[in-house]
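Here's the structure we're looking at; comments come further down.
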Amino acid sequence: MTASDTRSGSGPAGAPHTGPGTAADRAEGSARHPAPYSAAAPPAPGAEQDSAVGRLAATVERLRREVRAAQAAADGRALIELAKGVLIERLRCGPAQAARQLSELAEQAGVAPLELAADIVNQAARDHVAEVVDDFVRRTGGTPSREDGDASVAVRLRTAESAALAAGDTQRMAESLLEHALAPLGATGAAVWTAGPDGSLTLSGHAGFGTEEAGRWWYVPPGVATVARRALDCRETVWITSLTGSGVPSIGRSQYPQGGRVAMPAGTGGRVHGVLEICWPAPIGPQPQPVVRQLEALAELCAHTLETLPSSTVYPPGISREFADVSELADLADGLYDPALVLTPHLDAEGRLADFRIRHVNHRFQDPAGRPRSAVSGALLLEAYPMAAGESDLFGKVERVYATGEPFRARRTTLTALVDQVPLALFADISVSRHGGGVLLIWRIEDETARLARLLQHAQRLGRVGGFEEDLATGEITWNGQLFSLYGRPQAEGPVSLQDLTSYAHPDDGVAIGRFLRAVLHHGRPDSVAFRLQRPDGVTRHIRVIAEPVLDDGRLVAVRGAYQDISSQHWTEVALAATRDQLAQTEQEAAERNRLALQLQHAIMPPTRSPLDVPGLDVAVRYRPAESESLVGGDWYDMVVLPSKHILLCVGDVAGHGIEAATGMVVLRNALRGLAVTGAGPAQLLSWLNMVAHHLTEQVTATAVCGVYDPATRVLRWARAGHLPPVLVREETAEPLPMPQGLLLGALSEAEYEESVVTLEPGDSLLMYTDGLVERRDTAVQDSLNQLLTTARGPAPSLGNRLDRLLTHSRSDTDDDTCLIGIHIE
């Protein structure tokens, strides 16, 4: 099988191969069989082809094809010549014998001489291209057939390499890359960008794009976001599935709008020289690793070409390009007033950037660790300053500048040096820039005087303070920049004398300014005055000026002082005074409301009341108002003998505080009294009271417990609406009554309540209370209730003493109202 029988398959986008064999194979065939002069197809019949213009166009197209065929043949011959050179070196033979040996080996192997030449060069070079071919072979099973494409990969890459080496410019190189290596992968365009020191991109070579399109993209200014710019900024390969979907512009967008793009940085030895951008006519997806490695090899080939082709500088004999660049940088560094280092890249054994060598230190050098110039010059950057790879990442910034050419500048950067193995941190302004093959690192260490001056400027700016000095002997007046800003006065108009201060002030402040000037200028005393400054822009500012006389043997010679803008302070004081007045009025209104609510509460429900005169029954009441008048609540109680001689017992708690809670309590208490006259049971009474709370009040919600006691039978019927149950004290026990179901008042328009019945025995005591007796912020209600039961079990000489003891030992901390009523069966 010959090289012309090899197929490369479809490209990354899945596009079919456009013709049999690779471009290199076709070149080899063209070299063996040159096309005759009449190789062009005969023109189609028509008036246009019969014209002179048509014949001229056909001739031009034929000549173009012949030129391309000649170039392809030359590229193939260059690869064969490289293989001959390898055979000459290994076999110790002449060129003619090497040519015969190559032909015989190709005939014996059954391959084309071009394929054999690629194999020979791969075995001899063992470079990145050879690694790509070996990787391709491994991934295809270790021993692939020729149909698997391993020979095609080697031929394509080696032919592209030889063509790039033989090319005289980057344009020819781009054409060779597309024709020999990229077209078999389905690519239809290639662009080679050169990175400028300012971050710009220049189109050095292109293939597959029209001349007009290339003219529009020949230069990309710094900061313009393109596909190549992404690869240059991140220094990594950028894959774009579809150019339209990404929204990033690039060359050939109108020609291949849906096509995929790959942009790869082209760099050597840690320095990025440019970007190789490849275009496909259709969207591309994730690519197999062999294809990725082929593209990386092409980018590396492109980088070597960019590094060598632009070089046109002629240096004196015995002086290398790198040393000449360093010499120019050294002269530049010596002319600076700041410490400067000239750095050149230091590569490892594999050609990767490992460090930077300090090639020159200028005369103004100031080492943070106090070392002399000789201790730093010639050393590696990370050896001299190991902390450069630490928190400040100074080494990373130098590396990026060398790679991209974009300068870096930063103010007040932390510069850390080791002094006797102790890190010493200093602040410095850093500047890093690339010049040819070297890097210029400049730093300006911040001394104490400059730091204090900067702090003073910041303080004056933040405090809106401007300083001045007035020489009374010469009349010279000195203002700083902040004072001109306070006055709203251009510096070209000069400063204002203290004598002319009244001309810029409000007329009503003239008297105060006059006293200030007499104290300073005539009596020689420090003084200050606040006045309203009327600026030329029509803005009035409140200014305070402080002046201090400078005396020489008792004679006034100068005045120094400062102006301060106190406008914000003035208006803050005005607003604060208005707020104080409004707050005092609000506090007075709130106190009046609380006083009225407290009077209303005490008028309806006094803290103590006369006991009920019921035979065989002892009744006691305790009411403890809130300690703060602002927390007047809605706790209420009621005990009344009904017309049926039954006794109504109830306690309740309206949600909230203040006048609203007090008025809601009055409504519910009076409503319950009126409803109880009907003789209805406690459950029915709470059901009606719920309707009152929901419909006849403004969103009042409350809890309550209501009981009706029959003295004749000692039977208590009771119901609850979300309230704590009553406590029954019998002999030495105290337990809460079992709780019936009952929703709090006012929550729903209609609610049903369960009713419980308990028969009291002589000696029993029944306690009803509100949550102000037991509620704590840090304790569960059940725990507080258990403490209440423990207190209630203790013996008491009377019912009133028992209630007083409950109030005394209450651990409630909510500062809420507390209602407590009790009955004792005699």
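Convention: chains lettered A, B, ... in structure tokens order; per-chain residue numbering from 1; ligands numbered from 1 as shown.
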
| message | Just want the 10 Å neighbourhood of Gly378 of chain A, counted on only C-alpha atoms, with same-chain residues fewer than 5 positions away dropped. Output as a list of chain:residue names. | response | A:Leu343, A:Phe356, A:Arg357, A:Ile358, A:Arg359, A:His360, A:Val361, A:Arg373, A:Ala384

Please produce an output containing C-alpha atoms for each residue in the selection, written as a PDB file, in the first residue's frame.
ATOM      1  CA  LEU A 343      16.029  39.226  34.861  1.00  0.00           C
ATOM      2  CA  PHE A 356      14.773  33.875  36.532  1.00  0.00           C
ATOM      3  CA  ARG A 357      18.438  34.807  36.707  1.00  0.00           C
ATOM      4  CA  ILE A 358      19.298  38.256  38.126  1.00  0.00           C
ATOM      5  CA  ARG A 359      21.641  39.430  35.357  1.00  0.00           C
ATOM      6  CA  HIS A 360      22.078  43.031  36.455  1.00  0.00           C
ATOM      7  CA  VAL A 361      21.421  45.228  39.506  1.00  0.00           C
ATOM      8  CA  ARG A 373      24.499  44.476  45.098  1.00  0.00           C
ATOM      9  CA  ALA A 384      17.784  35.566  46.483  1.00  0.00           C
TER      10      ALA A 384
END

| task | Any chance you could list, as an MDAnalysis selection string, the residues in segment 167-379 of chain A that come up helix (DSSP H, G or I) when DSSP is run on the backbone? | result | chainID A and resid 170:185 211:216 227:234 243:246 289:308 321:334 373:375

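Contact shell of Glu775 of chain A at 7 Å (only C-alpha atoms; same-chain neighbours under 2 positions omitted): Asp771, Gly772, Leu773, Arg777, Val781, Ser784, Ser812 and Thr814 of chain A.
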
Can those selected residues be exported to a file as a JSON list (two decimals), in the first residue's frame so that it contains all heavy atoms?
[["chain", "number", "residue", "atom", "x", "y", "z"],
["A", 771, "ASP", "N", -51.13, 33.87, 83.04],
["A", 771, "ASP", "CA", -49.77, 33.36, 82.82],
["A", 771, "ASP", "C", -48.69, 34.26, 83.38],
["A", 771, "ASP", "O", -47.51, 33.86, 83.45],
["A", 771, "ASP", "CB", -49.52, 33.13, 81.33],
["A", 771, "ASP", "CG", -49.76, 34.40, 80.51],
["A", 771, "ASP", "OD1", -50.04, 35.45, 81.10],
["A", 771, "ASP", "OD2", -49.69, 34.31, 79.27],
["A", 772, "GLY", "N", -49.02, 35.48, 83.78],
["A", 772, "GLY", "CA", -48.02, 36.34, 84.40],
["A", 772, "GLY", "C", -47.50, 35.78, 85.70],
["A", 772, "GLY", "O", -46.46, 36.22, 86.19],
["A", 773, "LEU", "N", -48.20, 34.77, 86.32],
["A", 773, "LEU", "CA", -47.75, 34.18, 87.57],
["A", 773, "LEU", "C", -46.65, 33.14, 87.35],
["A", 773, "LEU", "O", -45.80, 32.94, 88.22],
["A", 773, "LEU", "CB", -48.95, 33.53, 88.28],
["A", 773, "LEU", "CG", -48.68, 32.89, 89.64],
["A", 773, "LEU", "CD1", -48.29, 33.95, 90.67],
["A", 773, "LEU", "CD2", -49.91, 32.11, 90.13],
["A", 777, "ARG", "N", -39.01, 33.36, 80.41],
["A", 777, "ARG", "CA", -38.46, 33.33, 79.06],
["A", 777, "ARG", "C", -37.54, 32.13, 78.82],
["A", 777, "ARG", "O", -37.38, 31.67, 77.70],
["A", 777, "ARG", "CB", -37.67, 34.62, 78.78],
["A", 777, "ARG", "CG", -38.51, 35.88, 78.84],
["A", 777, "ARG", "CD", -37.68, 37.10, 78.50],
["A", 777, "ARG", "NE", -38.45, 38.33, 78.51],
["A", 777, "ARG", "CZ", -38.62, 39.09, 79.58],
["A", 777, "ARG", "NH1", -38.05, 38.74, 80.73],
["A", 777, "ARG", "NH2", -39.33, 40.19, 79.52],
["A", 781, "VAL", "N", -43.24, 26.04, 80.09],
["A", 781, "VAL", "CA", -44.43, 26.33, 80.89],
["A", 781, "VAL", "C", -44.70, 25.21, 81.89],
["A", 781, "VAL", "O", -45.09, 25.46, 83.05],
["A", 781, "VAL", "CB", -45.65, 26.57, 79.97],
["A", 781, "VAL", "CG1", -46.91, 26.75, 80.79],
["A", 781, "VAL", "CG2", -45.41, 27.76, 79.07],
["A", 784, "SER", "N", -42.53, 25.60, 84.96],
["A", 784, "SER", "CA", -43.01, 26.68, 85.82],
["A", 784, "SER", "C", -44.28, 26.27, 86.55],
["A", 784, "SER", "O", -44.49, 26.62, 87.73],
["A", 784, "SER", "CB", -43.27, 27.94, 84.98],
["A", 784, "SER", "OG", -42.09, 28.38, 84.35],
["A", 812, "SER", "N", -41.73, 34.29, 87.73],
["A", 812, "SER", "CA", -42.00, 34.89, 86.43],
["A", 812, "SER", "C", -41.06, 36.06, 86.18],
["A", 812, "SER", "O", -40.75, 36.83, 87.11],
["A", 812, "SER", "CB", -43.45, 35.36, 86.36],
["A", 812, "SER", "OG", -43.69, 36.07, 85.17],
["A", 814, "THR", "N", -41.39, 37.97, 83.04],
["A", 814, "THR", "CA", -41.87, 38.67, 81.85],
["A", 814, "THR", "C", -42.39, 40.07, 82.15],
["A", 814, "THR", "O", -42.77, 40.79, 81.25],
["A", 814, "THR", "CB", -43.00, 37.87, 81.19],
["A", 814, "THR", "OG1", -44.06, 37.65, 82.14],
["A", 814, "THR", "CG2", -42.47, 36.52, 80.73]]

| Out of A:Ala303, A:Val640, A:Ala655, A:Ala183, which residue has the shortest atom-to-atom distance to Pro281 of chain A when counting only C-alpha atoms? | A:Ala183

| request: From a DSSP calculation on the backbone, collect every residue of segment 380-559 of chain A in strand (DSSP E or B) and output the set as a ChimeraX atom specification. | output: /A:380,408-419,422-435,438-445,465-471,477-479,505,527-534,540-552,555-559

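Taking only C-alpha atoms, the non-local environment of Cys650 of chain A within 8 Å (same-chain residues fewer than 3 positions away omitted) comprises Tyr637, Asp638, Met639, Ala704, Val705, Cys706, Gly707 and Met768 of chain A.
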
| field | Long-range neighbours of Ala505 of chain A as a ChimeraX atom specification, 7 Å cut-off, only C-alpha atoms, 5 positions minimum in chain | value | /A:531-534

Nearby residues (only C-alpha atoms) at most 9 Å from Ile825 of chain A, same-chain spacing under 5 positions excluded, as a PDB file with C-alpha atoms, in the first residue's frame:
ATOM      1  CA  GLY A 616     -69.601  28.509 103.380  1.00  0.00           C
ATOM      2  CA  LEU A 617     -67.277  30.040 100.832  1.00  0.00           C
ATOM      3  CA  ASP A 618     -64.120  32.113 101.260  1.00  0.00           C
ATOM      4  CA  ARG A 714     -70.513  22.479  95.737  1.00  0.00           C
ATOM      5  CA  LEU A 760     -65.472  20.361  95.626  1.00  0.00           C
ATOM      6  CA  GLU A 761     -65.214  19.047  99.173  1.00  0.00           C
ATOM      7  CA  PRO A 762     -64.932  20.959 102.424  1.00  0.00           C
ATOM      8  CA  GLY A 763     -61.348  22.129 102.892  1.00  0.00           C
ATOM      9  CA  ASP A 764     -60.659  22.308  99.155  1.00  0.00           C
ATOM     10  CA  SER A 765     -59.147  25.386  97.560  1.00  0.00           C
ATOM     11  CA  LEU A 766     -59.451  26.276  93.884  1.00  0.00           C
TER      12      LEU A 766
END

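Using only C-alpha atoms, the nearest neighbour of Gly269 of chain A within the list A:Ser431, A:Thr344, A:Gln787, A:Ser242 is A:Thr344.
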
Within 12 Å of Arg555 of chain A, counting only C-alpha atoms, which residues show up once you throw out same-chain ones fewer than 3 positions away? Write them as a compact mmCIF listing (two decimals) with C-alpha atoms, in the first residue's frame, please.
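selection_13.txt, written as the output of this step:
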# COMPACT_ATOMS: atom_id res chain seq x y z
CA LEU A 472 3.02 88.34 57.16
CA ALA A 473 6.43 89.79 56.27
CA LEU A 521 -3.43 89.19 64.20
CA HIS A 522 -3.46 91.89 66.87
CA HIS A 523 -3.31 90.03 70.18
CA GLY A 524 -1.23 87.06 68.97
CA PRO A 549 0.27 82.82 65.37
CA VAL A 550 4.02 82.30 64.88
CA LEU A 551 6.03 84.73 67.05
CA ASP A 552 9.69 85.77 66.80
CA ALA A 558 3.38 84.28 60.33
CA VAL A 559 0.09 82.50 60.89

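In this model, the gap between atom CA of Thr474 of chain A and atom CA of Gly494 of chain A comes to 15.4 Å.
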